[in-house]
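**Q** Input structure: structure08.pdb, which contains PDB, C-alpha atoms.
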```
ATOM      1  CA  MET A  76     -15.269  -3.900 -23.731
ATOM      2  CA  ASN A  77     -11.536  -3.670 -24.307
ATOM      3  CA  SER A  78      -9.017  -5.598 -22.216
ATOM      4  CA  LYS A  79      -8.188  -2.569 -20.050
ATOM      5  CA  ASP A  80     -11.836  -2.019 -19.144
ATOM      6  CA  LYS A  81     -12.288  -5.733 -18.474
ATOM      7  CA  LEU A  82      -9.262  -5.759 -16.190
ATOM      8  CA  ILE A  83     -10.568  -2.747 -14.259
ATOM      9  CA  GLN A  84     -14.001  -4.324 -13.949
ATOM     10  CA  ASP A  85     -12.510  -7.642 -12.821
ATOM     11  CA  LEU A  86     -10.473  -5.848 -10.155
ATOM     12  CA  LYS A  87     -13.498  -3.956  -8.889
ATOM     13  CA  ASN A  88     -15.345  -7.249  -8.531
ATOM     14  CA  GLU A  89     -12.587  -8.924  -6.517
ATOM     15  CA  PRO A  90     -13.891  -9.619  -2.989
ATOM     16  CA  TYR A  91     -10.722  -8.256  -1.371
ATOM     17  CA  VAL A  92     -11.008  -5.002  -3.352
ATOM     18  CA  LYS A  93     -14.636  -4.596  -2.289
ATOM     19  CA  ARG A  94     -13.630  -5.203   1.338
ATOM     20  CA  LEU A  95     -10.744  -2.751   0.976
ATOM     21  CA  ASN A  96     -13.181  -0.082  -0.193
ATOM     22  CA  GLU A  97     -15.547  -0.809   2.719
ATOM     23  CA  ILE A  98     -12.754  -0.461   5.251
ATOM     24  CA  GLU A  99     -11.499   2.735   3.584
ATOM     25  CA  LEU A 100     -14.903   4.327   4.151
ATOM     26  CA  ILE A 101     -14.776   3.397   7.835
ATOM     27  CA  ILE A 102     -11.194   4.656   8.217
ATOM     28  CA  ASP A 103     -12.034   7.927   6.471
ATOM     29  CA  GLN A 104     -14.557   8.625   9.223
ATOM     30  CA  ASN A 105     -12.043   8.078  12.030
ATOM     31  CA  GLU A 106      -9.645  10.994  12.453
ATOM     32  CA  GLU A 107      -7.362   9.140  14.873
ATOM     33  CA  ILE A 108      -6.804   6.261  12.452
ATOM     34  CA  LYS A 109      -6.291   8.630   9.529
ATOM     35  CA  GLU A 110      -3.704  10.549  11.533
ATOM     36  CA  LEU A 111      -1.834   7.359  12.483
ATOM     37  CA  LEU A 112      -1.790   6.131   8.892
ATOM     38  CA  ASN A 113      -0.579   9.503   7.622
ATOM     39  CA  LYS A 114       2.202   9.533  10.222
ATOM     40  CA  LYS A 115       3.179   6.002   9.242
ATOM     41  CA  LYS A 116       3.316   6.999   5.580
ATOM     42  CA  ASP A 117       5.417  10.098   6.351
ATOM     43  CA  ILE A 118       7.859   8.158   8.499
ATOM     44  CA  SER A 119       8.133   5.480   5.842
ATOM     45  CA  LYS A 120       9.175   8.131   3.320
ATOM     46  CA  LYS A 121      11.724   9.503   5.788
ATOM     47  CA  ILE A 122      13.155   6.015   6.361
ATOM     48  CA  VAL A 123      13.587   5.496   2.620
ATOM     49  CA  LEU A 124      15.334   8.855   2.258
ATOM     50  CA  ALA A 125      17.572   8.289   5.280
ATOM     51  CA  ARG A 126      18.572   4.871   3.898
ATOM     52  CA  LYS A 127      19.454   6.425   0.544
ATOM     53  CA  LEU A 128      21.595   8.979   2.332
ATOM     54  CA  GLY A 129      23.245   6.303   4.473
ATOM     55  CA  LEU A 130      22.081   7.817   7.780
ATOM     56  CA  LYS A 131      21.977   4.652   9.895
ATOM     57  CA  ASN A 132      21.235   6.366  13.223
ATOM     58  CA  THR A 133      18.448   8.373  11.655
ATOM     59  CA  VAL A 134      16.962   5.232  10.092
ATOM     60  CA  GLN A 135      17.021   3.527  13.488
ATOM     61  CA  SER A 136      15.333   6.494  15.123
ATOM     62  CA  TYR A 137      12.608   6.607  12.479
ATOM     63  CA  GLN A 138      12.209   2.837  12.701
ATOM     64  CA  ILE A 139      11.502   3.094  16.439
ATOM     65  CA  GLU A 140       8.881   5.756  15.764
ATOM     66  CA  TYR A 141       7.423   3.627  12.953
ATOM     67  CA  ASN A 142       7.159   0.607  15.257
ATOM     68  CA  GLU A 143       5.440   2.695  17.947
ATOM     69  CA  ILE A 144       2.817   3.761  15.423
ATOM     70  CA  ASP A 145       2.389   0.131  14.359
ATOM     71  CA  GLU A 146       1.683  -0.769  17.985
ATOM     72  CA  LYS A 147      -1.002   1.909  18.177
ATOM     73  CA  ILE A 148      -2.477   0.767  14.869
ATOM     74  CA  ALA A 149      -2.641  -2.791  16.211
ATOM     75  CA  ASN A 150      -5.407  -1.554  18.543
ATOM     76  CA  TYR A 151      -7.612  -1.194  15.460
ATOM     77  CA  PRO A 152      -8.241  -4.649  13.938
ATOM     78  CA  LEU A 153      -9.784  -3.106  10.832
ATOM     79  CA  VAL A 154      -6.579  -1.246  10.108
ATOM     80  CA  GLU A 155      -4.561  -4.451  10.272
ATOM     81  CA  GLU A 156      -6.992  -6.044   7.826
ATOM     82  CA  TYR A 157      -6.783  -2.926   5.652
ATOM     83  CA  MET A 158      -2.981  -3.100   5.560
ATOM     84  CA  ASP A 159      -3.090  -6.798   4.641
ATOM     85  CA  LEU A 160      -5.558  -6.088   1.854
ATOM     86  CA  LEU A 161      -3.396  -3.228   0.607
ATOM     87  CA  ASP A 162      -0.456  -5.629   0.420
ATOM     88  CA  MET A 163      -2.586  -7.988  -1.670
ATOM     89  CA  ALA A 164      -3.607  -5.155  -3.973
ATOM     90  CA  ASN A 165      -0.036  -3.930  -4.319
ATOM     91  CA  ASN A 166       1.156  -7.442  -5.157
ATOM     92  CA  ASP A 167      -1.530  -7.789  -7.820
ATOM     93  CA  LEU A 168      -0.666  -4.392  -9.261
ATOM     94  CA  GLU A 169       2.996  -5.300  -9.370
ATOM     95  CA  LEU A 170       2.157  -8.508 -11.256
ATOM     96  CA  MET A 171       0.064  -6.538 -13.735
ATOM     97  CA  VAL A 172       2.775  -3.946 -14.266
ATOM     98  CA  ASN A 173       5.347  -6.687 -14.872
ATOM     99  CA  TYR A 174       3.017  -8.407 -17.331
ATOM    100  CA  ILE A 175       2.404  -5.159 -19.237
ATOM    101  CA  GLU A 176       6.139  -4.365 -19.274
ATOM    102  CA  GLU A 177       6.895  -7.831 -20.664
ATOM    103  CA  LYS A 178       4.289  -7.391 -23.397
ATOM    104  CA  ILE A 179       5.636  -3.964 -24.325
ATOM    105  CA  ASN A 180       9.239  -5.156 -24.310
ATOM    106  CA  HIS A 181       8.298  -8.155 -26.446
ATOM    107  CA  LYS A 182       6.555  -5.895 -28.972
ATOM    108  CA  LEU A 183       9.535  -3.532 -29.073
ATOM    109  CA  LYS A 184      11.946  -6.390 -29.763
ATOM    110  CA  VAL A 185       9.913  -7.638 -32.726
TER     111      VAL A 185
END
```
Would you give me this structure, written as structure tokens?
**A**
Amino acid sequence: MNSKDKLIQDLKNEPYVKRLNEIELIIDQNEEIKELLNKKKDISKKIVLARKLGLKNTVQSYQIEYNEIDEKIANYPLVEEYMDLLDMANNDLELMVNYIEEKINHKLKV
């Protein structure tokens, strides 16, 4: 097993990744939750774009809408757990990407 395969296998065996997958299955069966998460993702993209364009009023408007969706999502404890687990996964992925970039950059400098 090469290091990439080992890393993938190790990630799949992480308890938080297993729990993330369990919750995803539950969320996928709930149309209301899926709709809220999709809206949140769309608004997040709009906020990023509005910030890049310097549209402060638009950002504020989207932020209000984003917060309203967060309040609705808070009614679903599993979704809160899911979001926390996603943050953990994203942090781990970011660490891995940084590690790989460092290795590549080190090899290129040699």
**Q** One decimal, in Å: what's the spacing between atom CA of Ile122 of chain A and atom CA of Leu161 of chain A?
**A** 19.8 Å
**Q** To one decimal place, how far is atom CA of Leu124 of chain A from atom CA of Tyr157 of chain A in Å?
**A**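 Interatomic distance, atom CA of Leu124 of chain A to atom CA of Tyr157 of chain A: 25.3 Å.
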**Q** To one decimal place in Å, what is the distance between atom CA of Asp162 of chain A and atom CA of Ser119 of chain A?
**A**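 Rounded to one decimal, the two atoms are 15.1 Å apart.
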**Q** Evaluated on this file, the PyMOL selection byres ((chain A and resi 101-103) around 12) picks out some residues - which ones are they, written as a ChimeraX atom specification?
**A** /A:94-100,104-113,148,151-158
**Q** Using only C-alpha atoms, which of A:Met171, A:Val123, A:Lys131, A:Glu140 sits nearest Ile83 of chain A?
**A**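 The answer is A:Met171, which sits nearest to Ile83 of chain A.
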**Q** As a check of understanding, name the residues that the PyMOL selection byres ((chain A and resi 135) around 12) selects in the supplied structure, as a list in words.
**A**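 For this structure, the PyMOL selection byres ((chain A and resi 135) around 12) captures Ile118, Ser119, Lys121, Ile122, Val123, Ala125, Arg126, Gly129, Leu130, Lys131, Asn132, Thr133, Val134, Ser136, Tyr137, Gln138, Ile139, Glu140, Tyr141 and Asn142 of chain A.
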**Q** Which residue gives the smallest distance to Ile175 of chain A among A:Val92, A:Asp159, A:Lys79, A:Lys114, with all atoms listed in the file counted?
**A**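 Distance minimum relative to Ile175 of chain A lands on A:Lys79.
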**Q** Rank A:Ile144, A:Leu160, A:Leu128, A:Lys93 by their smallest atom-to-atom distance to Lys115 of chain A, using all atoms listed in the file, and report the top residue only.
**A**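 Selected residue with least distance to Lys115 of chain A: A:Ile144.
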**Q** Select, from A:Glu176, A:Leu168, A:Leu183, A:Glu146, the residue with the minimum atom-to-atom distance to Leu82 of chain A, counting all atoms listed in the file.
**A**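 Once distances to Leu82 of chain A are computed over all atoms listed in the file, the minimum belongs to A:Leu168.
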